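Q: My questions will all concern the structure given below.
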Amino acid sequence: MAIAGGPRGRLLVVPLLVLAAVVLASSPARAFYLPGVAPRDFQKDDDLQVKVNKLSSIKTQLPYDYYFLDYCKPDAIKNSAENLGEVLRGDRIENSVYNFKMRRDESCKVVCRPKLSAEAAKNFKEKIDDEYRVNMILDNLPVVVPRQTREGSQAPGFEHGYRVGYKLKDDKYYINNHLSFKVLYHEDLNSPEARIVGFHVIPSSIKHEYGDWDDKNPIVQTCNANTKITPGSHTPQEVAPDAYVVFSYDVTFEASEIIWASRWDVYLLSSDSQIHWFSIINSLMIVLFLSGMIAMIMMRTLYKDIANYNQLDNQEEAQEETGWKLVHGDAFRPPVHSGLLCVYVGTGVQFFGMTVVTMMFALLGFLSPANRGGLMTAMVLLWVFMGVLAGYTSSRLYKMFKGNEWKKITLKTAFMFPGIIFGVFFVLNALIWGEKSSGAVPFGTMFALVLLWFGISVPLVFVGSFLGFKQPAIEDPVKTNKIPRQIPEQAWYLQPAFSILAGGILPFGAVFIELFFILTSIWLNQFYYIFGFLFIVFVILLVTCAEITIVLCYFQLCSEDYHWWWRAYLTAGSSALYLFAYAIFYFFNKLEITKLVSGILYFGYMLIISYAFFVLTGTIGFYACFWFVRKIYASVKID
């Protein structure tokens, strides 16, 4: 992303973004975003059409199309335009039989009376058992169900979507067949127009009573146009084969002080905002304190080493000296599997570029929650276009290692990471398809993803690789000896396995609190839009990965072990192991998933996230160590 103002302008970007993140995070109850879509003004009696989205459950994580159940269907079901992110999320937005007139209240509006077949009753019971919720949309606002708030909480509480039904102790199932809608609107004082700022519903189960049924003019005895139904005041409607279920609704319109630009705030309110804020601050202070201590120790020790080495008078004293200077002739020896390292570093730079640009757009409010799927669409497209950085980085590093087969490295960079991710994703998608879930990505969308990969990403990787290999090779600050130096026996705490695993603890510690909120938003059907906090945590993660890798790399070189290339990558990348371990803990302690397929989906997607986290943090650690090693060997006099 180009930044105006030259080098000085670029230097201002990070502190300005951190300042913006602090300002945005300092208001925990509100999220900053741009509305994302143009407002629509409605006059009295204008048509309002409620659209239906997927059926969702936190117990199965398998979304289903609304009409998978035997709900009332319009004459023709029409799918609304969807972007790539919506399809990948499993959203299926369609028209419905619920139609209102703006600012005109209606009571006891009967919609239809389907007869439940044995299969339909079975489907309803299964979805009630799995606690599925119905998601609806009016003027791009998702429907919410008001809930009782905790004592002392001033903010109203809402649940996303309403339950399909409920099960009582008598093992009978009851369907929520009557919906009491409330539409909030904000009036324009200078015109008769108004804007919709809220969409609430209270579901209830009612066994409607009626005489002779007329589909063209349905009339029930349990309510009429002048009365409203109070939840719990009637006999509930049981789900049973061959039962007739009458679907009905009420709608009321209520003026509100909420302005249109703030209408999404109710969805983005964090019920744990204070806990969230203090937890982040606590994590921030601990990590910054540790980082400061590490930085001071490193600066004092390192400067002392460099001063001592530069004051040696003769070669005999140099031979007696121990430490990192002794391995100067081997420190830049290419590692084993150097080509694979180049591939992973290039992929990490691609992922880093995608993450930074996405977060900047989100932080500045451009990825509005009103634009469903916008965040995922942006991430996919940015990943594709960042392929040029992956190719450039991997080929430059490969040329430094004096490699000649740059085309082979380019192909591995273009296909290895995306190929592994696509393979896992394809298997998971097949499982979702086998469950007949709407979350399964259609063939057309899968083809579009492959087209983006092969048609745009791969060529861009080759362009970047070609440009990178044309650049002059990165010069080593010292010459490499022809014969490798023998590495002395290492202490137990300097063994690769121990130091790598120990190095991942601190980066994970910097993010695990925020990770809880992110996992909650992904798996418990919540909105996550606190990007101010997220950006601060991301900066902490960068600093922590860099510093812990530099410290352990310094200890490794002091013990005369010069195999630091892969160790640097794996040290920071090992934090992904702790992330996956935390995902296992979260699964057993926070989720209520019982189905095998749902469990496989959870661990499959968390495996993808952990793998991506490994590539990102590993690359950050590698470049920090690479800069550090070049810096220290360029600072000493070597004959």
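Each chain in the structure tokens gets a letter, A, B and so on, in the order shown; residues start at 1 in every chain, and ligands are counted from 1 in the order they appear.
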Please run DSSP on the backbone and report, as a PyMOL selection string, all residues within range 299-421 of chain A that come out as helix (DSSP H, G or I).
A: chain A and resi 299-310+315-320+324-327+338-363+374-385+387-400+406-421
Q: Between A:Leu55, A:Asp47, A:Tyr611, A:Phe516, which has the minimum distance to Tyr586 in chain A (counting only C-alpha atoms)?
A: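 Looking only at the distances to Tyr586 in chain A, the closest residue turns out to be A:Phe516.
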Q: Using only C-alpha atoms, which residues sit within 8 Å of Trp565 in chain A once same-chain residues fewer than 4 positions away are excluded, as a PyMOL selection string?
A: chain A and resi 335+569+622+626
Q: With a distance cut-off of 7 Å and only C-alpha atoms, select the neighbouring residues of Ala121 in chain A, excluding the residue or stretch itself and same-chain residues fewer than 3 positions from it, and output the selection as a list in words.
A: Leu116, Ser117, Ala118, Phe124, Lys125, Val239, Ala240 and Pro241 of chain A
Q: Give me, as a list in words, all polymer residues having an atom no more than 8 Å from range 463-470 of chain A, counting only C-alpha atoms and skipping those fewer than 4 positions away in the same chain.
A: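 The neighbour list is Gly387, Val388, Leu389, Ala390, Gly391, Tyr392, Thr393, Ser394, Ser395, Arg396, Lys399, Trp406, Thr410 and Pro459 of chain A.
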Q: Go through range 582-628 of chain A and flag each residue having an atom no more than 6 Å from range 56-67 of chain A; for those, report the closest pair of atoms plus their distance in Å to one decimal, using only C-alpha atoms, ordered by chain and rising number, as CSV.
A:
residue,atom,partner,partner_atom,distance
A:Glu592,CA,A:Lys59,CA,5.3
A:Ile593,CA,A:Lys59,CA,4.6
A:Ser598,CA,A:Thr60,CA,5.3
Q: Selection from above, C-alpha atoms, as a PDB file, in the first residue's frame, can you write it?
A:
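Just written: part_21.pdb:
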ATOM      1  CA  GLU A 592     -21.286 -27.524  23.404  1.00  0.00           C
ATOM      2  CA  ILE A 593     -20.501 -29.285  20.143  1.00  0.00           C
ATOM      3  CA  SER A 598     -19.044 -30.427  13.781  1.00  0.00           C
TER       4      SER A 598
END
Q: Smallest atom-to-atom distance to Cys72 in chain A: which of A:Val97, A:Ala414, A:Ile258, A:Val50, using only C-alpha atoms?
A: A:Val97
Q: Here is a test: counting only C-alpha atoms, which residue of A:Val427, A:Ala38, A:Leu451, A:Val478 is nearest to Ala634 in chain A?
A: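 Distance minimum relative to Ala634 in chain A lands on A:Val478.
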